[in-house]
Amino acid sequence: MSARTRNNVRVVGAADGPVVMLAHGFGCDQTLWRSVTELLAPEFRVVLFDHVGAGASDPAAWDAEKYASLDAYADDIIAIADELDLREVTFVGHSVASMMGVLAVPKASERFSKLVLLTPSPRYIDDGDYRGGFSAEDIDELLESLDSNYLGWSASMAPIVVNAPDRPELENMWTASFCRTDPACARVFARATFLSDHRADLASVALPTLIIDSARDSLAPPQVGRYVRDQIAGSVLTTLDTSGHCPHVTEPEQTAEAIAAFVRSS
């Protein structure tokens, strides 16, 4: 199975422009990058895809055991870059996909030149002095709720994740994206996301790295962005004056400009 088919890969924008690969997070698919893609496309070659088990990825590629860790998703990212023979790629990962990028880029340094981590979290569960924003009990309850009522969970989480009460169409967009993910796949992906701990992997990142977070984000609070910055040598943190975990949805202009400026920088 080709990577293009497996991950529903699309390439749009300026054919000869710098390459920007956009990776979606848990419960999403590539459609949530729509507004950012429109803003980047005149200048950049934009590569979009769906993680296996999400969006319009090939159902035949799903393997619950394989995709129980983020390493398999990272390997898919490398396979896409290899198949398309991409070079000097700026990888942009939203939420858990930021950690997929952290895992992928050291293994394929010939493909990737820069890394953008959008509202990243290397670990969601508090651990000693590390504050991820959730207790172990919080995450257990979150996963139990997702298991028992998948669609109800997505509807109840939308206001927290998007946090744009005056723009219900954005919450509807996120919920619709979530509903395109098979519940069985989502349950496995949720555990790979919320139970993982990739703090030790941050130090392996040697590429220029931009961290973008939201000023008011319940899922990845500001202290997490600062932690990631402190663990990746030479990285830069930009905090957008926005709410929620999806600034590419709620503030696409700010998000696209931060990405574009970083790609253009030497």
# chains A, B, ... in the order shown; residues from 1 in each chain; ligands from 1

call {"tool": "residues_around", "arguments": {"residues": "region 15-20 of chain A", "least_positions_apart": "2", "cutoff": "9 Å", "atoms": "only C-alpha atoms", "output": "MDAnalysis selection string"}}
result
chainID A and resid 11:13 22 40:48 86:92 259 263:264

call {"tool": "select_by_dssp", "arguments": {"residues": "region 8-227 of chain A", "states": "strand (DSSP E)", "output": "number ranges by chain"}}
result
A: 10-13, 19-23, 45-48, 89-94, 112-118, 209-216

call {"tool": "closest_residue", "arguments": {"among": "A:Gly133, A:Ile125, A:Leu207, A:Thr37", "to": "Thr255 (chain A)", "atoms": "only C-alpha atoms"}}
result
A:Thr37

call {"tool": "select_by_dssp", "arguments": {"residues": "region 26-171 of chain A", "states": "alpha helix (DSSP H)", "output": "number ranges by chain"}}
result
A: 34-40, 70-83, 96-104, 136-148, 150-162, 168-171

call {"tool": "write_last_selection", "arguments": {"atoms": "C-alpha atoms", "output": "PDB file, in the first residue's frame"}}
result
ATOM      1  CA  ARG A  34      -8.352  24.234   5.703  1.00  0.00           C
ATOM      2  CA  SER A  35      -8.036  27.914   6.601  1.00  0.00           C
ATOM      3  CA  VAL A  36      -4.302  27.741   7.333  1.00  0.00           C
ATOM      4  CA  THR A  37      -3.745  25.881   4.060  1.00  0.00           C
ATOM      5  CA  GLU A  38      -5.522  28.595   2.077  1.00  0.00           C
ATOM      6  CA  LEU A  39      -3.250  31.206   3.649  1.00  0.00           C
ATOM      7  CA  LEU A  40      -0.026  29.257   3.103  1.00  0.00           C
ATOM      8  CA  LEU A  70       3.121   7.153  18.539  1.00  0.00           C
ATOM      9  CA  ASP A  71       6.122   5.497  16.904  1.00  0.00           C
ATOM     10  CA  ALA A  72       3.946   3.978  14.165  1.00  0.00           C
ATOM     11  CA  TYR A  73       2.491   7.385  13.311  1.00  0.00           C
ATOM     12  CA  ALA A  74       6.016   8.840  13.219  1.00  0.00           C
ATOM     13  CA  ASP A  75       7.088   6.081  10.835  1.00  0.00           C
ATOM     14  CA  ASP A  76       4.146   6.940   8.564  1.00  0.00           C
ATOM     15  CA  ILE A  77       5.285  10.567   8.465  1.00  0.00           C
ATOM     16  CA  ILE A  78       8.747   9.489   7.355  1.00  0.00           C
ATOM     17  CA  ALA A  79       7.236   7.122   4.762  1.00  0.00           C
ATOM     18  CA  ILE A  80       5.208   9.988   3.264  1.00  0.00           C
ATOM     19  CA  ALA A  81       8.311  12.165   3.030  1.00  0.00           C
ATOM     20  CA  ASP A  82      10.263   9.310   1.455  1.00  0.00           C
ATOM     21  CA  GLU A  83       7.592   8.405  -1.094  1.00  0.00           C
ATOM     22  CA  VAL A  96      -0.146  14.950  19.821  1.00  0.00           C
ATOM     23  CA  ALA A  97       1.172  15.180  16.249  1.00  0.00           C
ATOM     24  CA  SER A  98       3.843  17.529  17.582  1.00  0.00           C
ATOM     25  CA  MET A  99       5.296  14.576  19.491  1.00  0.00           C
ATOM     26  CA  MET A 100       5.080  12.463  16.340  1.00  0.00           C
ATOM     27  CA  GLY A 101       7.291  15.094  14.749  1.00  0.00           C
ATOM     28  CA  VAL A 102       9.673  14.973  17.685  1.00  0.00           C
ATOM     29  CA  LEU A 103       9.981  11.217  17.110  1.00  0.00           C
ATOM     30  CA  ALA A 104      10.188  11.410  13.318  1.00  0.00           C
ATOM     31  CA  ALA A 136      -4.036  10.259  36.437  1.00  0.00           C
ATOM     32  CA  GLU A 137      -7.623  10.101  37.680  1.00  0.00           C
ATOM     33  CA  ASP A 138      -8.638  12.867  35.253  1.00  0.00           C
ATOM     34  CA  ILE A 139      -7.255  10.912  32.308  1.00  0.00           C
ATOM     35  CA  ASP A 140      -8.863   7.662  33.485  1.00  0.00           C
ATOM     36  CA  GLU A 141     -12.230   9.430  33.598  1.00  0.00           C
ATOM     37  CA  LEU A 142     -11.656  10.995  30.179  1.00  0.00           C
ATOM     38  CA  LEU A 143     -10.860   7.627  28.595  1.00  0.00           C
ATOM     39  CA  GLU A 144     -13.759   5.898  30.345  1.00  0.00           C
ATOM     40  CA  SER A 145     -16.135   8.565  29.084  1.00  0.00           C
ATOM     41  CA  LEU A 146     -14.821   8.199  25.538  1.00  0.00           C
ATOM     42  CA  ASP A 147     -15.226   4.411  25.718  1.00  0.00           C
ATOM     43  CA  SER A 148     -18.793   4.544  26.959  1.00  0.00           C
ATOM     44  CA  TYR A 150     -17.939   8.226  21.827  1.00  0.00           C
ATOM     45  CA  LEU A 151     -20.148  10.782  20.081  1.00  0.00           C
ATOM     46  CA  GLY A 152     -21.357  12.268  23.345  1.00  0.00           C
ATOM     47  CA  TRP A 153     -17.752  12.663  24.450  1.00  0.00           C
ATOM     48  CA  SER A 154     -16.858  14.582  21.302  1.00  0.00           C
ATOM     49  CA  ALA A 155     -19.823  16.922  21.738  1.00  0.00           C
ATOM     50  CA  SER A 156     -18.969  17.599  25.380  1.00  0.00           C
ATOM     51  CA  MET A 157     -15.282  18.153  24.629  1.00  0.00           C
ATOM     52  CA  ALA A 158     -15.770  20.538  21.708  1.00  0.00           C
ATOM     53  CA  PRO A 159     -16.354  23.638  23.881  1.00  0.00           C
ATOM     54  CA  ILE A 160     -13.202  22.834  25.884  1.00  0.00           C
ATOM     55  CA  VAL A 161     -10.963  22.016  22.927  1.00  0.00           C
ATOM     56  CA  VAL A 162     -12.120  24.827  20.625  1.00  0.00           C
ATOM     57  CA  PRO A 168     -20.424  27.600  17.257  1.00  0.00           C
ATOM     58  CA  GLU A 169     -19.586  26.725  13.653  1.00  0.00           C
ATOM     59  CA  LEU A 170     -15.992  26.053  14.734  1.00  0.00           C
ATOM     60  CA  GLU A 171     -17.099  23.652  17.449  1.00  0.00           C
TER      61      GLU A 171
END

call {"tool": "residues_around", "arguments": {"residues": "region 236-242 of chain A", "least_positions_apart": "3", "cutoff": "10 Å", "atoms": "only C-alpha atoms", "output": "PyMOL selection string"}}
result
chain A and resi 116-119+163-164+208-217+222+225-226+228-230+232-233+245-247+250-251+254-255+258+262

call {"tool": "closest_residue", "arguments": {"among": "A:Leu84, A:Ala68, A:Ala14, A:Val9", "to": "Gln30 (chain A)", "atoms": "only C-alpha atoms"}}
result
A:Val9

call {"tool": "decode", "arguments": {"residues": "region 128-188 of chain A", "atoms": "C-alpha atoms", "output": "CSV table (one decimal), in the first residue's frame"}}
result
chain,number,residue,atom,x,y,z
A,128,GLY,CA,6.1,15.4,40.5
A,129,ASP,CA,7.3,18.9,39.6
A,130,TYR,CA,6.1,18.4,36.0
A,131,ARG,CA,2.6,19.8,35.5
A,132,GLY,CA,0.9,18.4,32.4
A,133,GLY,CA,-2.5,19.7,33.4
A,134,PHE,CA,-4.2,16.5,34.4
A,135,SER,CA,-4.1,14.0,37.2
A,136,ALA,CA,-4.0,10.3,36.4
A,137,GLU,CA,-7.6,10.1,37.7
A,138,ASP,CA,-8.6,12.9,35.3
A,139,ILE,CA,-7.3,10.9,32.3
A,140,ASP,CA,-8.9,7.7,33.5
A,141,GLU,CA,-12.2,9.4,33.6
A,142,LEU,CA,-11.7,11.0,30.2
A,143,LEU,CA,-10.9,7.6,28.6
A,144,GLU,CA,-13.8,5.9,30.3
A,145,SER,CA,-16.1,8.6,29.1
A,146,LEU,CA,-14.8,8.2,25.5
A,147,ASP,CA,-15.2,4.4,25.7
A,148,SER,CA,-18.8,4.5,27.0
A,149,ASN,CA,-20.2,7.3,24.7
A,150,TYR,CA,-17.9,8.2,21.8
A,151,LEU,CA,-20.1,10.8,20.1
A,152,GLY,CA,-21.4,12.3,23.3
A,153,TRP,CA,-17.8,12.7,24.5
A,154,SER,CA,-16.9,14.6,21.3
A,155,ALA,CA,-19.8,16.9,21.7
A,156,SER,CA,-19.0,17.6,25.4
A,157,MET,CA,-15.3,18.2,24.6
A,158,ALA,CA,-15.8,20.5,21.7
A,159,PRO,CA,-16.4,23.6,23.9
A,160,ILE,CA,-13.2,22.8,25.9
A,161,VAL,CA,-11.0,22.0,22.9
A,162,VAL,CA,-12.1,24.8,20.6
A,163,ASN,CA,-13.2,27.3,23.3
A,164,ALA,CA,-14.9,29.7,20.9
A,165,PRO,CA,-18.4,30.1,22.4
A,166,ASP,CA,-19.3,32.9,20.1
A,167,ARG,CA,-18.4,30.8,17.0
A,168,PRO,CA,-20.4,27.6,17.3
A,169,GLU,CA,-19.6,26.7,13.7
A,170,LEU,CA,-16.0,26.1,14.7
A,171,GLU,CA,-17.1,23.7,17.4
A,172,ASN,CA,-19.3,21.9,14.9
A,173,MET,CA,-16.3,21.7,12.5
A,174,TRP,CA,-14.2,19.9,15.2
A,175,THR,CA,-17.1,17.6,16.2
A,176,ALA,CA,-17.7,16.7,12.5
A,177,SER,CA,-14.0,15.9,12.1
A,178,PHE,CA,-14.1,13.7,15.2
A,179,CYS,CA,-17.2,11.8,13.9
A,180,ARG,CA,-15.2,10.8,10.8
A,181,THR,CA,-12.9,8.8,12.9
A,182,ASP,CA,-13.9,5.2,13.6
A,183,PRO,CA,-14.6,4.8,17.4
A,184,ALA,CA,-12.5,1.7,17.7
A,185,CYS,CA,-9.5,3.5,16.2
A,186,ALA,CA,-10.2,6.6,18.3
A,187,ARG,CA,-10.0,4.6,21.5
A,188,VAL,CA,-6.6,3.2,20.7
